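Participant: What follows is model16.txt, compact mmCIF, C-alpha atoms.
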# COMPACT_ATOMS: atom_id res chain seq x y z
CA MET N 934 -12.38 -5.34 19.00
CA ARG N 935 -11.12 -5.41 22.59
CA GLU N 936 -10.68 -2.16 24.47
CA PHE N 937 -7.32 -0.45 24.60
CA GLU N 938 -5.72 2.76 25.79
CA PHE N 939 -5.23 5.22 22.94
CA HIS N 940 -2.12 7.39 22.89
CA GLU N 941 -1.50 10.20 20.43
CA PRO N 942 2.01 11.56 20.83
CA GLU N 943 2.91 14.65 18.80
CA THR N 944 6.67 14.23 18.49
CA VAL N 945 9.03 11.33 17.86
CA GLN N 946 10.43 11.80 21.35
CA GLU N 947 6.97 11.55 22.93
CA ALA N 948 6.22 8.47 20.84
CA VAL N 949 9.32 6.54 21.86
CA SER N 950 8.89 7.57 25.52
CA ALA N 951 5.31 6.27 25.46
CA LEU N 952 6.51 3.01 23.93
CA ALA N 953 9.30 2.68 26.49
CA ASN N 954 6.75 3.11 29.30
CA LEU N 955 4.18 0.74 27.83
CA GLY N 956 6.62 -2.04 26.91
CA ASP N 957 5.37 -5.18 25.18
CA ASP N 958 1.69 -4.36 25.66
CA ALA N 959 1.55 -1.61 23.06
CA CYS N 960 1.15 -1.59 19.31
CA VAL N 961 2.18 1.29 17.09
CA MET N 962 -0.42 2.49 14.59
CA ALA N 963 0.53 4.32 11.40
CA GLY N 964 -2.25 4.24 8.75
CA GLY N 965 -3.97 1.44 10.62
CA THR N 966 -5.04 -0.72 7.65
CA ALA N 967 -3.18 -3.81 8.82
CA LEU N 968 -3.29 -3.21 12.58
CA ILE N 969 -7.05 -2.64 12.81
CA LEU N 970 -7.73 -5.81 10.86
CA ALA N 971 -5.33 -7.82 13.04
CA MET N 972 -6.97 -6.44 16.18
CA ARG N 973 -10.48 -7.16 14.94
CA GLN N 974 -9.46 -10.73 14.18
CA ARG N 975 -7.81 -10.95 17.62
CA MET N 976 -4.46 -11.82 16.12
CA LEU N 977 -3.20 -8.83 18.12
CA VAL N 978 -4.76 -7.81 21.43
CA PRO N 979 -2.72 -4.84 22.67
CA GLU N 980 -3.40 -3.10 25.97
CA ALA N 981 -2.48 0.18 24.31
CA VAL N 982 -2.30 1.62 20.82
CA VAL N 983 0.17 4.41 20.11
CA SER N 984 -1.05 6.29 17.06
CA LEU N 985 1.60 8.27 15.21
CA SER N 986 -0.85 10.28 13.12
CA ARG N 987 -0.19 13.55 14.97
CA VAL N 988 3.58 13.26 14.56
CA ASP N 989 3.77 15.56 11.56
CA GLU N 990 7.56 15.37 11.27
CA LEU N 991 7.13 11.78 10.03
CA ARG N 992 5.19 12.88 6.95
CA GLY N 993 6.80 14.12 3.73
CA ILE N 994 9.12 13.44 0.82
CA TRP N 995 12.37 15.38 0.69
CA GLU N 996 15.28 15.46 -1.76
CA THR N 997 18.55 15.13 0.12
CA SER N 998 21.64 17.24 -0.63
CA ASP N 999 23.35 14.31 -2.39
CA GLY N 1000 20.41 13.85 -4.83
CA GLY N 1001 18.82 11.04 -2.87
CA LEU N 1002 15.41 10.84 -1.29
CA ARG N 1003 14.14 10.84 2.28
CA ILE N 1004 10.59 9.52 2.68
CA GLY N 1005 8.94 10.09 6.06
CA ALA N 1006 7.62 6.88 7.59
CA LEU N 1007 4.02 8.14 7.63
CA THR N 1008 4.00 9.00 3.92
CA ARG N 1009 1.12 7.22 2.26
CA HIS N 1010 1.60 4.97 -0.77
CA SER N 1011 -0.59 7.32 -2.84
CA ASP N 1012 1.63 10.28 -1.89
CA ILE N 1013 4.69 8.38 -3.15
CA ALA N 1014 2.89 7.35 -6.35
CA ARG N 1015 1.87 10.96 -7.09
CA SER N 1016 5.05 12.74 -6.00
CA ASP N 1017 6.74 14.57 -8.90
CA THR N 1018 10.09 14.11 -7.14
CA VAL N 1019 9.65 10.34 -6.89
CA ILE N 1020 8.25 10.04 -10.42
CA SER N 1021 11.17 11.94 -11.95
CA HIS N 1022 14.07 10.47 -9.92
CA PHE N 1023 12.80 7.03 -8.83
CA PRO N 1024 10.13 6.05 -11.38
CA MET N 1025 10.24 2.36 -10.43
CA LEU N 1026 9.35 3.26 -6.85
CA ALA N 1027 6.47 5.48 -7.99
CA GLN N 1028 5.14 2.74 -10.26
CA MET N 1029 5.40 0.15 -7.48
CA ALA N 1030 3.51 2.44 -5.08
CA ALA N 1031 0.86 3.21 -7.71
CA GLU N 1032 0.02 -0.48 -8.07
CA LEU N 1033 0.25 -1.56 -4.45
CA ALA N 1034 -2.95 -3.06 -2.98
CA ASN N 1035 -5.87 -0.86 -4.12
CA PRO N 1036 -6.69 2.87 -4.16
CA GLN N 1037 -8.34 2.88 -0.73
CA VAL N 1038 -5.40 1.18 0.97
CA ARG N 1039 -2.90 3.41 -0.86
CA ASN N 1040 -4.74 6.45 0.53
CA GLN N 1041 -4.48 5.19 4.09
CA GLY N 1042 -1.53 2.81 4.34
CA THR N 1043 1.93 4.23 4.90
CA LEU N 1044 5.37 3.12 3.75
CA GLY N 1045 6.69 2.91 7.32
CA GLY N 1046 3.66 0.97 8.50
CA ASN N 1047 4.01 -1.44 5.62
CA LEU N 1048 7.67 -2.16 6.47
CA CYS N 1049 7.04 -2.50 10.21
CA TYR N 1050 4.19 -4.96 9.75
CA ALA N 1051 6.66 -7.12 7.79
CA ASP N 1052 4.06 -9.18 5.98
CA PRO N 1053 6.03 -10.89 3.17
CA ALA N 1054 3.11 -10.67 0.71
CA THR N 1055 3.69 -7.06 -0.26
CA ASP N 1056 5.55 -4.89 -2.76
CA PRO N 1057 7.84 -2.26 -1.16
CA PRO N 1058 10.71 -4.19 0.48
CA ALA N 1059 12.23 -5.72 -2.68
CA ALA N 1060 11.88 -2.42 -4.57
CA LEU N 1061 13.58 -0.52 -1.74
CA ILE N 1062 16.40 -3.08 -1.42
CA ALA N 1063 17.14 -2.77 -5.15
CA HIS N 1064 17.43 0.99 -4.57
CA ASP N 1065 19.89 0.35 -1.71
CA ALA N 1066 17.52 2.01 0.78
CA GLN N 1067 18.25 2.55 4.46
CA VAL N 1068 15.76 2.67 7.30
CA ASP N 1069 16.07 5.42 9.92
CA ILE N 1070 15.03 4.33 13.39
CA ALA N 1071 14.49 6.40 16.55
CA GLY N 1072 14.47 5.13 20.12
CA PRO N 1073 14.74 6.67 23.59
CA ASN N 1074 18.54 6.67 23.34
CA GLY N 1075 18.87 8.21 19.92
CA THR N 1076 18.73 7.18 16.31
CA ARG N 1077 20.24 4.44 14.20
CA ARG N 1078 20.16 3.48 10.56
CA LEU N 1079 19.83 -0.01 9.09
CA PRO N 1080 20.12 -1.22 5.51
CA MET N 1081 16.64 -2.16 4.28
CA GLU N 1082 17.84 -5.72 3.80
CA ASP N 1083 18.59 -6.06 7.53
CA PHE N 1084 15.35 -4.46 8.73
CA ALA N 1085 12.94 -7.39 8.35
CA GLU N 1086 14.13 -10.52 10.17
CA ASP N 1087 11.34 -13.03 9.64
CA TYR N 1088 7.59 -13.28 8.98
CA PHE N 1089 6.00 -10.25 10.68
CA THR N 1090 9.24 -9.66 12.60
CA THR N 1091 11.60 -6.68 12.30
CA ALA N 1092 14.82 -5.54 13.93
CA LEU N 1093 12.91 -2.87 15.88
CA GLU N 1094 13.08 -2.90 19.67
CA VAL N 1095 9.72 -2.38 21.46
CA ASP N 1096 10.55 1.28 22.16
CA GLU N 1097 11.74 2.12 18.63
CA ILE N 1098 9.90 3.50 15.60
CA VAL N 1099 10.87 3.97 11.98
CA THR N 1100 11.15 7.66 11.15
CA ALA N 1101 12.14 7.61 7.49
CA ILE N 1102 13.28 5.55 4.53
CA CYS N 1103 16.32 6.98 2.74
CA LEU N 1104 17.36 6.25 -0.83
CA PRO N 1105 20.81 7.24 -2.09
CA ALA N 1106 21.08 9.13 -5.37
CA PRO N 1107 20.96 6.71 -8.28
CA ASN N 1108 24.26 6.19 -10.11
CA PRO N 1109 24.42 8.06 -13.42
CA GLY N 1110 22.83 5.87 -16.06
CA GLU N 1111 21.13 3.64 -13.50
CA THR N 1112 17.81 2.05 -14.38
CA ALA N 1113 15.48 0.22 -12.02
CA LEU N 1114 12.71 -2.23 -12.85
CA TYR N 1115 10.11 -4.07 -10.78
CA ARG N 1116 7.80 -6.95 -11.59
CA ARG N 1117 5.40 -8.94 -9.47
CA HIS N 1118 3.01 -11.81 -9.97
CA LEU N 1119 -0.55 -11.78 -8.66
CA ARG N 1120 -2.58 -15.00 -8.71
CA THR N 1121 -5.57 -12.98 -9.84
CA ARG N 1122 -5.68 -9.30 -10.68
CA ALA N 1123 -8.12 -8.77 -7.81
CA GLU N 1124 -5.96 -10.37 -5.13
CA HIS N 1125 -3.47 -7.49 -4.81
CA ARG N 1126 -0.99 -9.51 -2.74
CA PRO N 1127 1.96 -10.69 -4.82
CA VAL N 1128 3.06 -14.34 -4.60
CA ALA N 1129 6.49 -13.28 -5.87
CA ASN N 1130 8.24 -10.10 -6.94
CA ILE N 1131 11.66 -9.10 -8.24
CA ALA N 1132 13.29 -5.70 -8.39
CA VAL N 1133 16.55 -4.85 -10.10
CA ALA N 1134 18.72 -1.74 -10.40
CA TYR N 1135 21.60 -1.72 -12.89
CA GLU N 1136 23.65 0.31 -15.30
CA LEU N 1137 24.01 -0.79 -18.90
CA ASN N 1138 27.11 0.13 -20.94
CA ASN N 1139 26.75 -1.09 -24.52
CA GLY N 1140 24.62 -3.96 -23.27
CA THR N 1141 27.01 -4.82 -20.42
CA CYS N 1142 25.62 -4.85 -16.87
CA LYS N 1143 27.28 -2.92 -14.09
CA ASN N 1144 26.51 -2.35 -10.40
CA VAL N 1145 23.59 -4.77 -10.36
CA ARG N 1146 21.36 -5.05 -7.31
CA LEU N 1147 18.65 -7.71 -7.68
CA ALA N 1148 16.19 -8.45 -4.91
CA ILE N 1149 13.46 -11.04 -4.47
CA GLY N 1150 10.38 -10.50 -2.33
CA ALA N 1151 6.96 -11.98 -1.48
CA ALA N 1152 8.00 -15.52 -2.50
CA VAL N 1153 10.35 -15.68 0.50
CA PRO N 1154 9.76 -14.82 4.18
CA VAL N 1155 12.18 -11.87 4.05
CA SER N 1156 13.03 -9.89 0.92
CA ARG N 1157 16.73 -10.03 0.10
CA ARG N 1158 19.35 -9.54 -2.57
CA LEU N 1159 20.47 -12.53 -4.61
CA ARG N 1160 24.20 -11.88 -4.65
CA ARG N 1161 25.23 -14.94 -6.67
CA VAL N 1162 22.83 -13.75 -9.38
CA GLU N 1163 24.24 -10.23 -9.21
CA ALA N 1164 27.78 -11.59 -9.60
CA LEU N 1165 26.72 -13.69 -12.58
CA LEU N 1166 25.34 -10.57 -14.30
CA GLU N 1167 28.17 -8.18 -13.39
CA GLY N 1168 30.23 -7.17 -16.42
CA GLU N 1169 28.32 -9.45 -18.78
CA GLN N 1170 26.23 -8.85 -21.89
CA LEU N 1171 22.51 -9.40 -21.30
CA SER N 1172 21.86 -12.22 -23.76
CA GLN N 1173 18.94 -14.65 -23.83
CA GLY N 1174 21.40 -17.37 -22.74
CA LEU N 1175 22.60 -15.44 -19.72
CA ILE N 1176 19.04 -14.50 -18.79
CA ALA N 1177 18.02 -18.17 -18.85
CA GLU N 1178 20.99 -18.96 -16.60
CA VAL N 1179 19.93 -16.21 -14.20
CA ALA N 1180 16.37 -17.55 -14.08
CA ASP N 1181 17.67 -21.00 -13.15
CA MET N 1182 19.90 -19.52 -10.46
CA VAL N 1183 17.03 -17.50 -8.97
CA ALA N 1184 14.99 -20.69 -8.72
CA ALA N 1185 17.93 -22.55 -7.13
CA ASP N 1186 18.91 -19.83 -4.65
CA ILE N 1187 15.60 -19.18 -2.92
CA ASP N 1188 13.82 -21.10 -0.20
CA PRO N 1189 10.24 -20.18 -1.04
CA ILE N 1190 7.21 -19.84 1.20
CA SER N 1191 4.72 -22.70 0.89
CA ASP N 1192 1.20 -21.82 1.92
CA GLY N 1193 -2.41 -21.69 0.78
CA ARG N 1194 -1.65 -18.90 -1.67
CA GLY N 1195 1.14 -20.79 -3.42
CA GLN N 1196 3.20 -23.89 -2.87
CA GLY N 1197 6.99 -23.68 -2.89
CA PRO N 1198 7.59 -25.21 -6.33
CA PHE N 1199 5.01 -22.86 -7.86
CA ARG N 1200 6.60 -19.80 -6.28
CA ARG N 1201 10.06 -20.96 -7.38
CA ARG N 1202 8.84 -21.24 -10.95
CA ILE N 1203 7.13 -17.86 -10.82
CA ALA N 1204 10.25 -16.21 -9.39
CA ALA N 1205 12.37 -17.63 -12.22
CA THR N 1206 9.86 -16.44 -14.80
CA LEU N 1207 9.73 -12.96 -13.28
CA ALA N 1208 13.54 -12.76 -13.34
CA ARG N 1209 13.63 -13.82 -16.99
CA ARG N 1210 10.99 -11.31 -18.03
CA LEU N 1211 12.52 -8.49 -16.00
CA LEU N 1212 16.00 -8.94 -17.47
CA ALA N 1213 14.64 -9.41 -20.98
CA GLU N 1214 12.86 -6.10 -20.51
CA ALA N 1215 16.14 -4.58 -19.32
CA ALA N 1216 17.90 -5.86 -22.44
CA GLY N 1217 15.09 -4.77 -24.74
CA LEU N 1218 14.46 -8.41 -25.69
CA ASP N 1219 11.07 -10.02 -26.20
CA TRP N 1220 10.55 -12.19 -23.13
CA SER N 1221 7.69 -14.11 -24.72
CA GLU N 1222 10.03 -15.79 -27.25
CA HIS N 1223 11.96 -18.06 -24.92
CA ARG N 1224 9.97 -19.98 -22.39
CA THR N 1225 11.67 -21.76 -19.52
CA MET E 776 -14.63 2.43 28.52
CA ASN E 777 -11.91 4.52 26.90
CA THR E 778 -13.50 7.35 24.97
CA LYS E 779 -12.34 10.43 23.16
CA ARG E 780 -14.01 13.60 21.95
CA ILE E 781 -13.68 14.17 18.22
CA THR E 782 -14.76 16.93 15.88
CA VAL E 783 -15.33 15.94 12.27
CA THR E 784 -17.05 17.44 9.28
CA VAL E 785 -19.50 14.96 7.79
CA ASN E 786 -21.10 15.87 4.47
CA LYS E 787 -20.25 19.54 5.12
CA GLU E 788 -21.80 19.52 8.61
CA ARG E 789 -19.70 19.85 11.73
CA VAL E 790 -20.19 16.95 14.14
CA GLU E 791 -18.86 16.68 17.67
CA ALA E 792 -19.01 13.30 19.32
CA VAL E 793 -17.55 11.29 22.17
CA VAL E 794 -16.58 7.91 20.78
CA PRO E 795 -15.07 4.76 22.27
CA VAL E 796 -11.49 4.59 20.98
CA ASN E 797 -12.13 1.12 19.56
CA ARG E 798 -15.14 2.32 17.51
CA LEU E 799 -14.71 1.57 13.81
CA LEU E 800 -15.34 4.49 11.49
CA SER E 801 -17.94 2.41 9.60
CA ASP E 802 -19.83 1.71 12.86
CA PHE E 803 -19.59 5.37 13.89
CA LEU E 804 -21.16 6.44 10.60
CA ARG E 805 -23.90 3.81 10.54
CA ASP E 806 -24.79 3.31 14.18
CA ASP E 807 -24.01 6.70 15.75
CA LEU E 808 -24.78 9.07 12.87
CA VAL E 809 -27.37 6.76 11.21
CA LEU E 810 -25.72 7.30 7.82
CA THR E 811 -26.56 3.79 6.65
CA GLY E 812 -25.67 4.39 3.01
CA THR E 813 -22.15 3.28 3.93
CA LYS E 814 -22.36 -0.52 3.97
CA ARG E 815 -20.65 -3.10 6.12
CA GLY E 816 -19.70 -5.90 3.76
CA CYS E 817 -16.70 -8.12 4.41
CA GLU E 818 -15.39 -5.91 7.23
CA THR E 819 -11.90 -7.13 6.38
CA GLY E 820 -10.85 -4.44 3.93
CA ILE E 821 -11.50 -6.49 0.81
CA CYS E 822 -14.92 -5.61 -0.60
CA GLY E 823 -14.92 -1.80 -0.54
CA ALA E 824 -18.65 -1.48 0.30
CA CYS E 825 -17.74 0.79 3.23
CA SER E 826 -15.70 3.23 1.10
CA ILE E 827 -16.01 6.91 1.96
CA LEU E 828 -13.94 10.03 1.24
CA VAL E 829 -11.62 11.43 3.91
CA ASP E 830 -10.36 14.88 2.91
CA GLY E 831 -11.29 13.90 -0.66
CA ASP E 832 -9.38 10.60 -0.69
CA VAL E 833 -11.30 7.33 -0.88
CA VAL E 834 -10.61 4.96 2.05
CA LYS E 835 -12.29 1.91 3.57
CA SER E 836 -14.11 2.95 6.72
CA CYS E 837 -13.94 -0.56 8.20
CA LEU E 838 -10.14 -0.23 8.34
CA SER E 839 -10.20 3.06 10.24
CA LEU E 840 -11.07 4.04 13.79
CA ALA E 841 -13.45 6.92 14.37
CA VAL E 842 -10.85 8.59 16.62
CA GLN E 843 -8.43 8.79 13.68
CA MET E 844 -10.88 11.17 11.97
CA ASP E 845 -10.60 14.02 14.48
CA GLY E 846 -10.27 17.25 12.49
CA ARG E 847 -10.92 15.59 9.13
CA SER E 848 -13.64 16.11 6.55
CA LEU E 849 -15.71 13.07 5.56
CA THR E 850 -18.02 12.53 2.62
CA THR E 851 -20.37 9.56 2.54
CA VAL E 852 -22.72 8.52 -0.23
CA GLU E 853 -25.42 10.67 1.42
CA GLY E 854 -23.23 13.69 0.66
CA LEU E 855 -23.05 13.15 -3.11
CA ALA E 856 -26.48 14.54 -3.95
CA ASP E 857 -26.66 18.32 -3.98
CA ASP E 858 -29.90 19.67 -2.50
CA GLY E 859 -31.78 16.54 -3.40
CA SER E 860 -30.53 16.26 -6.97
CA LEU E 861 -28.28 13.32 -7.70
CA SER E 862 -24.70 13.80 -8.86
CA ALA E 863 -23.89 13.17 -12.51
CA LEU E 864 -22.23 9.92 -11.47
CA GLN E 865 -25.28 8.71 -9.58
CA ASP E 866 -27.45 9.51 -12.61
CA ALA E 867 -25.03 7.63 -14.87
CA PHE E 868 -25.18 4.54 -12.64
CA MET E 869 -28.95 4.50 -13.23
CA THR E 870 -28.92 5.16 -16.96
CA LYS E 871 -26.04 2.74 -17.63
CA GLY E 872 -27.34 -0.02 -15.37
CA GLY E 873 -24.41 0.33 -12.99
CA LEU E 874 -26.15 -1.59 -10.24
CA GLN E 875 -28.05 -4.80 -9.70
CA CYS E 876 -28.72 -5.61 -6.04
CA GLY E 877 -27.22 -2.22 -5.10
CA PHE E 878 -25.32 -3.25 -1.98
CA CYS E 879 -21.89 -2.41 -3.37
CA THR E 880 -23.12 0.77 -5.08
CA PRO E 881 -22.26 3.34 -2.37
CA GLY E 882 -18.68 2.07 -2.24
CA PHE E 883 -18.31 2.13 -6.02
CA LEU E 884 -19.77 5.64 -6.15
CA MET E 885 -17.24 6.91 -3.62
CA ALA E 886 -14.25 5.26 -5.32
CA ALA E 887 -15.39 6.56 -8.71
CA THR E 888 -16.03 10.06 -7.34
CA ASP E 889 -12.44 10.27 -6.05
CA PHE E 890 -11.15 8.93 -9.38
CA LEU E 891 -13.15 11.37 -11.53
CA ASP E 892 -12.00 14.29 -9.37
CA ARG E 893 -8.39 13.45 -10.24
CA GLU E 894 -8.49 11.98 -13.71
CA SER E 895 -9.69 14.08 -16.61
CA ALA E 896 -9.20 11.53 -19.38
CA PRO E 897 -10.00 8.07 -18.05
CA THR E 898 -9.78 4.90 -20.09
CA GLU E 899 -11.55 1.61 -19.47
CA THR E 900 -8.27 0.24 -18.06
CA SER E 901 -7.73 3.16 -15.68
CA VAL E 902 -11.35 3.00 -14.52
CA ARG E 903 -11.02 -0.70 -13.77
CA GLN E 904 -7.78 -0.07 -11.86
CA ALA E 905 -9.40 2.74 -9.89
CA LEU E 906 -12.25 0.42 -8.91
CA SER E 907 -10.02 -2.54 -8.08
CA GLY E 908 -10.63 -2.06 -4.35
CA ASN E 909 -14.36 -2.65 -4.77
CA ILE E 910 -16.17 -5.90 -5.39
CA CYS E 911 -19.60 -6.39 -6.98
CA ARG E 912 -20.85 -9.85 -6.14
CA CYS E 913 -23.57 -9.58 -8.80
CA THR E 914 -20.51 -9.18 -11.09
CA GLY E 915 -22.12 -6.22 -12.84
CA TYR E 916 -18.85 -4.45 -13.54
CA GLN E 917 -19.45 -3.48 -17.14
CA GLY E 918 -22.37 -1.17 -16.31
CA ILE E 919 -20.32 0.47 -13.56
CA VAL E 920 -17.34 1.06 -15.86
CA ASP E 921 -19.66 2.40 -18.57
CA ALA E 922 -21.23 4.82 -16.08
CA VAL E 923 -17.87 6.24 -14.99
CA LEU E 924 -16.69 6.62 -18.59
CA ALA E 925 -19.98 8.28 -19.55
CA VAL E 926 -19.55 10.95 -16.85
CA ALA E 927 -16.01 11.69 -18.04
CA GLU E 928 -17.18 11.97 -21.64
CA THR E 929 -20.00 14.34 -20.75
CA ARG E 930 -17.62 16.40 -18.66
CA ASN E 931 -15.21 16.63 -21.58
CA GLY E 932 -18.01 17.90 -23.81
CA ASN E 933 -18.49 14.80 -25.96
What does the file become when written as structure tokens?
Facilitator:
Amino acid sequence: MREFEFHEPETVQEAVSALANLGDDACVMAGGTALILAMRQRMLVPEAVVSLSRVDELRGIWETSDGGLRIGALTRHSDIARSDTVISHFPMLAQMAAELANPQVRNQGTLGGNLCYADPATDPPAALIAHDAQVDIAGPNGTRRLPMEDFAEDYFTTALEVDEIVTAICLPAPNPGETALYRRHLRTRAEHRPVANIAVAYELNNGTCKNVRLAIGAAVPVSRRLRRVEALLEGEQLSQGLIAEVADMVAADIDPISDGRGQGPFRRRIAATLARRLLAEAAGLDWSEHRT
Amino acid sequence: MNTKRITVTVNKERVEAVVPVNRLLSDFLRDDLVLTGTKRGCETGICGACSILVDGDVVKSCLSLAVQMDGRSLTTVEGLADDGSLSALQDAFMTKGGLQCGFCTPGFLMAATDFLDRESAPTETSVRQALSGNICRCTGYQGIVDAVLAVAETRNGN
């Protein structure tokens, strides 16, 4: 690994000032799992590394006054998976965090670091989008808040300016009666990096869907909601027929990644299958009965 | 060279060191402290041979910098034995045949130690999930899983 200057700010203000001074030559380090690997492989060769690990205000999980959740950017995946607050109010998020990567990476990697690295082959973004999450960002001139869906812009590219950091991820209180589900597909159980994932949040009234948010991730460069699919589901009964229609629409409405871990047509097929299984689970139907 | 002074506790002993900021934790342990039980395997965060405990949590030391450890408490495989007598888990690895070539063993021991500290009633499935960040290229997983389950059973008085 090449040499670099090592900065350890202790407050958000110090961190963004350091980044403003260093400009393009600096990388921000949260847990370090992705950054250290990228630096060792010389994919990134920063002049300076700004470690956030002493910025304690970025660590923690808080319930907000409206019943939502505020997760500090430096909160580790294992902290989210084990948090009683997350488990009781956002069980899908806790389950997603509990299965992300492997135990060692969950003990070191952070939610904010994961989002800022913006590698598509990961779990959190789709799950957070389905929960209507917002990303809190701090820079030298103050703070701003972006919907999760607008945060990642492309492969390994986010909306952050060079002198900005993510401070927290905020989830609004779930609607009464809201349920959220998440499914992903791994090529092998040991690979840990999903080739596709789908998350959905919805309310069911006598089998009728309401307020559906359905997001696709990992199969596409940037996780996003599938709004045509959401509209198709809104106000309808979750039948096997409708679920099959949704699966077809998911396949039609995505422009999948094609790479060594999965060609486009394969990922399209997997995404459709995940959507079918996820909605069958939502409806209490047996997804193994009807194969697409 | 950019260096930094760090103070860490390693296997219950306080260590002060001046380390280059780009020193990997795995290299610090092996090359500076000569704790060679921690193995360098893939060095890309996949194989888990370099796993150690940081404040009781298992992490991969090839994905950490030594400077990140300032003020933290580390346990390596050398720290598992108590006064020369092996831990129950280490004993179980021997009696259950939880190792073949032995290269991955320190990493598996550390991951399983963290798991057993948290989980009082493990199942084969939960053991396999807990060890999913470690690879045994001899593919001797069954003996490893049996060893972890055996420790839990003994601990629960069965």
Participant: Kindly determine which residues of chain E lie within 7 Å of chain N, considering only C-alpha atoms, and give the answer as a ChimeraX atom specification.
Facilitator: /E:777,796-797,819,832-835,838-839,905,907-908
Participant: Per residue of segment 997-1047 of chain N within 10 Å of segment 1075-1099 of chain N, record the nearest atom pair and its distance in Å to one decimal, counting all atoms listed in the file, with rows in chain order and ascending residue number, as CSV.
Facilitator:
residue,atom,partner,partner_atom,distance
N:Gly1005,CA,N:Val1099,CA,8.7
N:Ala1006,CA,N:Val1099,CA,6.2
N:Leu1007,CA,N:Val1099,CA,9.1
N:Leu1044,CA,N:Val1099,CA,9.9
N:Gly1045,CA,N:Val1099,CA,6.3
N:Gly1046,CA,N:Val1099,CA,8.5
Participant: Kindly save the residues from that selection, with C-alpha atoms included, as a PDB file, keeping the file's coordinate frame.
Facilitator:
ATOM      1  CA  GLY N1005       8.940  10.090   6.060  1.00  0.00           C
ATOM      2  CA  ALA N1006       7.620   6.880   7.590  1.00  0.00           C
ATOM      3  CA  LEU N1007       4.020   8.140   7.630  1.00  0.00           C
ATOM      4  CA  LEU N1044       5.370   3.120   3.750  1.00  0.00           C
ATOM      5  CA  GLY N1045       6.690   2.910   7.320  1.00  0.00           C
ATOM      6  CA  GLY N1046       3.660   0.970   8.500  1.00  0.00           C
TER       7      GLY N1046
END
Participant: When you look at Ala925 of chain E with a cut-off of 10 Å (counting all atoms listed in the file), what residues show up, excluding the ones that are within fewer than 2 positions of it in the same chain? I need them as a list in words.
Facilitator: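 Final neighbour list, sorted by chain and number: Ala863, Leu864, Ala867, Phe868, Thr870, Lys871, Ile919, Val920, Asp921, Ala922, Val923, Ala927, Glu928, Thr929, Arg930, Asn931 and Asn933 of chain E.
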Participant: If you measure from atom CA of Asp1065 of chain N to atom CA of Cys1103 of chain N, what distance in Å do you get, rounded to one decimal?
Facilitator: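 Here the two named atoms are 8.7 Å from each other.
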Participant: For Gly872 of chain E, which residue among E:Arg789, E:Gly812, E:Gly918, E:Ala824 is the nearest when counting all atoms listed in the file?
Facilitator: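 Among E:Arg789, E:Gly812, E:Gly918, E:Ala824, it is E:Gly918 that comes nearest to Gly872 of chain E.
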Participant: Any idea what the distance is between atom CA of Leu1212 of chain N and atom CA of Gly1197 of chain N?
Facilitator: 22.6 Å
Participant: Would you list the contacts of Arg1116 of chain N as JSON, numbers by chain, taking every protein, DNA or RNA residue within 12 Å and counting only C-alpha atoms, but skipping same-chain residues closer than 4 positions in sequence?
Facilitator: {"N": [1025, 1026, 1028, 1029, 1032, 1033, 1056, 1057, 1059, 1060, 1127, 1128, 1129, 1130, 1131, 1132, 1133, 1147, 1148, 1149, 1150, 1151, 1203, 1204, 1205, 1206, 1207, 1208, 1209, 1210, 1211, 1212, 1213, 1214, 1215]}
Participant: May I ask for the distance between atom CA of Gly1140 of chain N and atom CA of Gln1170 of chain N, given in Å to one decimal place?
Facilitator: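 One can read the atom CA of Gly1140 of chain N to atom CA of Gln1170 of chain N distance as 5.3 Å.
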Participant: Would you mind listing what lies within 12 Å of Asn1139 of chain N as a PyMOL selection string, with only C-alpha atoms counted and same-chain residues fewer than 3 positions away left out?
Facilitator: chain N and resi 1110+1136+1142-1143+1168-1171+1216
Participant: Please determine, counting all atoms listed in the file, which residue among E:Thr784, E:Ser862, E:Ser836, E:Thr813 has the shortest atom-to-atom distance to Gly877 of chain E.
Facilitator: E:Thr813
Participant: Compare E:Glu791, E:Ser895, E:Leu874, E:Cys825 by their minimum atom-to-atom distance to Leu810 of chain E, counting all atoms listed in the file, and give me the closest one.
Facilitator: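 Of the candidates, the smallest distance to Leu810 of chain E is held by E:Cys825.
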Participant: Can you pull out every residue within 8 Å of Lys787 of chain E, counting all atoms listed in the file, but drop anything in the same chain fewer than 6 positions away, and send it as an MDAnalysis selection string?
Facilitator: chainID E and resid 848:850 854
Participant: Please provide as a PyMOL selection string all residues within 7 Å of Ile1102 of chain N, with the sequence filter that same-chain residues fewer than 3 positions apart are discarded (counting only C-alpha atoms).
Facilitator: chain N and resi 1003-1006+1066-1069
Participant: Using all atoms listed in the file, find the one residue out of E:Met869, E:Val852, E:Leu906, E:Leu861 that sits nearest to Pro881 of chain E.
Facilitator: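 Comparing E:Met869, E:Val852, E:Leu906, E:Leu861 against Pro881 of chain E, the winner is E:Val852.
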Participant: Which residue out of E:Val783, E:Gln843, E:Gly915, E:Ser901 has the minimum interatomic distance to Cys876 of chain E when all atoms listed in the file are used?
Facilitator: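 Result for the nearest residue to Cys876 of chain E: E:Gly915.
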Participant: Pick out the closest residue to Met962 of chain N from this set: N:Leu1137, N:Met1182, N:Ala948, N:Ile1013. Count all atoms listed in the file.
Facilitator: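 Of N:Leu1137, N:Met1182, N:Ala948, N:Ile1013, the one nearest Met962 of chain N is N:Ala948, counting all atoms listed in the file.
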Participant: Could you tell me, as JSON, numbers by chain, which residues have any atom at most 10 Å from (-21.5, 3.4, -1.8), counting all atoms listed in the file?
Facilitator: {"E": [811, 812, 813, 814, 823, 824, 825, 826, 827, 851, 852, 853, 855, 877, 878, 879, 880, 881, 882, 883, 884, 885, 886, 887, 909]}
